[in-house]
Amino acid sequence: MANLEIKLKKDHPKEYVGALVFQARMLTMRRRMQAAQNKLRLAKYNYVKLNVMVPAYEQVFHFLDGYLKLQITRKYDYEGTQSALEKIKKYKEVDEVVLAQMEENVGKTDIDFANYNKALEHFKKAKDIYHKKGLRLLEAGALNLMGVAHDGLENLDSVLYYSELSIQEFEALKNPNYLGLASATYNVGLLYHDRLNNANRAEAYYKKAVVYDIKDAGETNPYLCVDYRALAETYILKNDITKALLYAEKAVEQGEKYFGKNDSRTAQAMLVLSKTHLIKGNIERANFYVEMASDIFGGMVSENHRWFVETYFATAEIRKSENKNLEAEVLWEKALAISKRIERELYIIQAYEKLTLHHEENGNYPRAIKYSDSLAILLKNKFKEAKYRQWNQRLMNLRLRQSASNHKILASEIEGLKIDFPSKKSNPALWLSLLEIQLDPIPVSNDQIEDCKKNLDMLLDLIALSRNNFSNQQNRIFYNKKLQRLIEKGLYTAFMAYQKTNDLFFKDIVFKLMEVNKNSALLEGLQNVRYKKIGKVPPSLITLEQETLEALQDTKQNILYLYNKKKIDSVKLRSLKNRLITLDAKNDSINQVLVKAFPKYRQLKKLSVKQSYQEYRKNYQKSDEVVLEYLLGEKGWYRFMMTNDHVTIERFDNVEELRDMIHKLRKGLLGRKKIAKACKQLYSWLIPDLPKTINTVSVVADDVLSFVPFEILNNGSGYLFEKYALRYGGSLQLLKEQGLIAKEGEKWCGFAPEYTENVLPRNQKEVQEIGKLIQGEVFLRKEATKTNFINNATGKDILHLALHTELDKVNPMNNRMLFSKDSTEIEESRALTASEVYGLELDANLVVLSSCNTGFGKLESGEGVMNISRAFTYAGVSSTLISLWKVPDKETAQIMTYFYKFLKKGQSKDVALQNAKLEYLANTEDELLKHPYYWAGFIVSGDTSPIVEKYYWPWLLVVLGIVLSVLLFRKKSVERL
């Protein structure tokens, strides 16, 4: 081959250089830009050295020089590109194909500098040349670029027309051009995403682009970075943050590997990753990525560029989350000014939206209305087809008018929006926003009362409907946080209506709204199994779903392990993330089948948010039980009290005072300080007068109340737990569901690992003693491994874990319990994460987490505490005994032993724990060790029924013996007769 090349170079220099030029062009088409540039340099060198005088080659050199420079450096040379075009035009015999490509190149540069009309002219010239020469492939590409130019001009109809026409041309080719198809479908996705705000349509087109790009160049195709970034932004729009994070991370990885770390497309992916981290509450990571992106952009373009607009938007959101509202406002104003200078109306719209909301939240209604009006004019003139943006702006305008001057919204205005709106099923979030405006705090007339009832009932329906859009628990948790403000407004409306009318309908709605956002994702996880059986879902489909979910959990856990390593295996990580995407798509399709094909299952899911307190009271509440349920809002807090014959609902304004007192109590507890004053004050606020018949208090806490052990609240005559047994629940519906899955049994299994650091000196003795008492299976020291736990947990009635727990403040799914290392001595072999527990199938009646902080964790609005206990509940455990802080090892062992002693006697779990604490205090002489820090940290959550029936069998044997004796006597008497 080398000899042939030398001979060709010597005997046929023109053909040799022509071959090099051809190779350079082919490499360019295959996106191998660096190789193309090397081949171009070789061609130019030999062109001069061999004195080859072919003008057509020179024209190609002019085109490829500029094109490859842009592709490799990502630095735009506007004047250089224009100059190259003019040079080509001066040749006597112009190569029209090269000229058309050069027109495209200049048009792309115009696009980047926001010269959209000029760009359109260049693309049209290129398209006409390709059409004349019958080059359908290149013509299809030019049509696609014309769609991009119209996108910049905000001509939405033209964007769709040229993009769809381009797709048709590409598909009509004998050999499909996947590169062109990927570009065209991506651009249509962009139209639906950015312009029309239609996330579902955008997602469908972006996914097509991914398929085409993979067909074009495989998984190593650098342009997958752009596709993944777009999908991540779409999932943010859909509130699917789990997928958004996955695709944003993949976009950055793909960009860094194939475009380079300093490429603009990689930087744009970083901005989306920054947004995703911010939504998840990780401000540090959000700042990191936005700063990296800003540095990359700064080395490429001036501030008057769309990339800096995007950077300012992202940075402003971070500043807002840090409560630096003035800094955020300055950044939005800068983004607006640049957007106007470069005439990017989409960015102007986004800036108007952000500034309107910003001033509304700060009560500056005149300025908010000013920006809202500007937004309305722009949408009317340039974005007539952007229905979702139009609807949101009209909603915003109504809300502002209502807030600014107590303007009463006319029924005709509401009805006008309803007529224009899409169906509730297709966009429940839009209807929820409208409902927020409609909710009148104090209905007066009979008509208003009836309207209020309809609106509150619709609120619950829409919440149920909107949640069905999320198959992932983490997404439901995120969405629940967004619902919290609306739920609080509905709650206030219902409460005030009840106060005014004494109508039991409103009383029931108050309860439902207090319940609807409490641990709902966890509740759905438990209900799903039962609902699928009632809904007659085939076992094969249930098995397929379970296998898919288990594979998802395993994959997520393996990704987590990789991130925790000092050196990350990037190849393995990429493979795992690809597998995660495949499994996620499979899970989505299974959920779609479940919802569409099984209407009874779908209906059961919907009805779960509308269950009345009467249902629990009639079927599940014990005669000596009081339920105390709380909800803490921004402006007030609510208390719901229910006994067998009485229900009260109250609202209090001192929510900040309550939060401060809880903080003081917790600080005093952990510091082992005097807390009597705080305990007494909290008792007076939180605990109403209870009937004398009450023995059990069921607490459904909310927000920071979840960190308060109600047992230590004191009215001056003793602790609350001295008189009452206490249990805790995530919601009444969750307590009911845990009661339904509860069972009796004494199959006990205990684990007590050994540690070389931070030793637990009494954990092994604790497990040994309880094992003897219960006659269970014991795993000590090196036998107490994660593998042994997973292999032995299924089928056990009680699991006892005396070990260390580590909390992850950023990612609760990474909360973990530490076992002994197994024979592999791999660090991961000892840590059982919350994520892994979620994936287990357990049927235990009780899990005792004799460990530090198993009831503590990250607090999520509405969903409660993201702790280890929650993971076990999701896995199917009906009750857990947990700790709210680091309880000392010695006192833990004592209380646990007492607890099992009373359980063995047939006492319910809450009573057994009550008596265990009382016995600890009775047997402790050191007054310092009687401080609640040493004994109050353990609480029982969930179903509290006994693990065994009380031991009536000795008496039953006596009675049975008497009965048998009587029967025997009667039989003998008959025989004698």
# chains A, B, ... in the order shown; residues from 1 in each chain; ligands from 1
$ residues_around --residues "Ile774 in chain A" --least-positions-apart "2" --cutoff "12 Å" --atoms "only C-alpha atoms" --output "count of residues only"
29
$ closest_atom_pairs --of "range 738-802 of chain A" --to "range 870-889 of chain A" --cutoff "9 Å" --atoms "only C-alpha atoms" --output "tab-separated table"
residue	atom	partner	partner_atom	distance
A:Gln738	CA	A:Ser878	CA	4.7
A:Gly739	CA	A:Ser878	CA	6.8
A:Leu740	CA	A:Ser878	CA	8.4
A:Ile741	CA	A:Ser878	CA	6.2
A:Ala742	CA	A:Ser878	CA	5.3
A:Lys743	CA	A:Ser878	CA	8.4
A:Leu760	CA	A:Asp889	CA	6.6
A:Pro761	CA	A:Asp889	CA	7.4
A:Arg762	CA	A:Asp889	CA	6.4
A:Asn763	CA	A:Asp889	CA	7.2
$ write_last_selection --atoms "N, CA, C and O atoms" --output "mmCIF file, in the first residue's frame"
data_model
loop_
_atom_site.group_PDB
_atom_site.id
_atom_site.type_symbol
_atom_site.label_atom_id
_atom_site.label_comp_id
_atom_site.auth_asym_id
_atom_site.auth_seq_id
_atom_site.Cartn_x
_atom_site.Cartn_y
_atom_site.Cartn_z
ATOM 1 N N GLN A 738 -50.395 -0.829 57.230
ATOM 2 C CA GLN A 738 -49.453 -1.646 57.997
ATOM 3 C C GLN A 738 -50.193 -2.660 58.855
ATOM 4 O O GLN A 738 -49.713 -3.772 59.068
ATOM 5 N N GLY A 739 -51.378 -2.266 59.346
ATOM 6 C CA GLY A 739 -52.195 -3.208 60.117
ATOM 7 C C GLY A 739 -52.687 -4.360 59.272
ATOM 8 O O GLY A 739 -52.794 -5.502 59.738
ATOM 9 N N LEU A 740 -52.968 -4.091 57.997
ATOM 10 C CA LEU A 740 -53.469 -5.132 57.105
ATOM 11 C C LEU A 740 -52.417 -6.183 56.773
ATOM 12 O O LEU A 740 -52.748 -7.347 56.509
ATOM 13 N N ILE A 741 -51.130 -5.764 56.766
ATOM 14 C CA ILE A 741 -50.076 -6.729 56.422
ATOM 15 C C ILE A 741 -49.435 -7.364 57.658
ATOM 16 O O ILE A 741 -48.590 -8.236 57.544
ATOM 17 N N ALA A 742 -49.860 -6.911 58.850
ATOM 18 C CA ALA A 742 -49.259 -7.430 60.092
ATOM 19 C C ALA A 742 -49.672 -8.882 60.319
ATOM 20 O O ALA A 742 -50.741 -9.313 59.902
ATOM 21 N N LYS A 743 -48.791 -9.625 60.979
ATOM 22 C CA LYS A 743 -49.081 -11.020 61.306
ATOM 23 C C LYS A 743 -48.391 -11.362 62.620
ATOM 24 O O LYS A 743 -47.526 -10.640 63.097
ATOM 25 N N LEU A 760 -18.768 -1.222 69.436
ATOM 26 C CA LEU A 760 -20.000 -1.322 70.227
ATOM 27 C C LEU A 760 -19.786 -2.460 71.235
ATOM 28 O O LEU A 760 -19.970 -3.642 70.896
ATOM 29 N N PRO A 761 -19.396 -2.159 72.453
ATOM 30 C CA PRO A 761 -18.995 -3.219 73.391
ATOM 31 C C PRO A 761 -20.120 -4.138 73.842
ATOM 32 O O PRO A 761 -19.883 -5.263 74.255
ATOM 33 N N ARG A 762 -21.379 -3.681 73.762
ATOM 34 C CA ARG A 762 -22.481 -4.489 74.320
ATOM 35 C C ARG A 762 -23.452 -5.026 73.268
ATOM 36 O O ARG A 762 -24.441 -5.645 73.620
ATOM 37 N N ASN A 763 -23.211 -4.736 72.009
ATOM 38 C CA ASN A 763 -24.203 -5.163 71.011
ATOM 39 C C ASN A 763 -24.301 -6.685 70.902
ATOM 40 O O ASN A 763 -25.390 -7.237 70.716
#
$ residues_around --residues "Gln268 in chain A" --least-positions-apart "2" --cutoff "12 Å" --atoms "only C-alpha atoms" --output "number ranges by chain"
A: 225-230, 232-233, 248-249, 251-252, 255-256, 259, 261-266, 270-275, 289-297, 306-311, 314
$ atom_distance --atom1 "CA of Tyr630 in chain A" --atom2 "CA of Leu486 in chain A"
17.3 Å
$ closest_residue --among "A:Tyr616, A:Tyr755, A:Phe652, A:Tyr561" --to "Glu634 in chain A" --atoms "only C-alpha atoms"
A:Phe652
$ atom_distance --atom1 "CA of Gly636 in chain A" --atom2 "CA of Val655 in chain A"
5.1 Å
$ residues_around --residues "Phe383 in chain A" --least-positions-apart "4" --cutoff "12 Å" --atoms "only C-alpha atoms" --output "list in words"
Asp151, Leu153, Glu154, Asn155, Leu156, Asp157, Leu191, Asp194, Arg195, Leu196, Asn197, Glu345, Leu346, Ile349, Leu375, Ala376, Ile377, Leu378, Leu379, Lys387, Tyr388, Arg389, Gln390, Trp391 and Gln393 of chain A
$ residues_around --residues "Ala140 in chain A" --least-positions-apart "5" --cutoff "8 Å" --atoms "only C-alpha atoms" --output "MDAnalysis selection string"
chainID A and resid 165:167 169:170 180
$ closest_residue --among "A:Lys565, A:Lys692, A:Lys786, A:Arg25" --to "Asp624 in chain A" --atoms "only C-alpha atoms"
A:Lys692
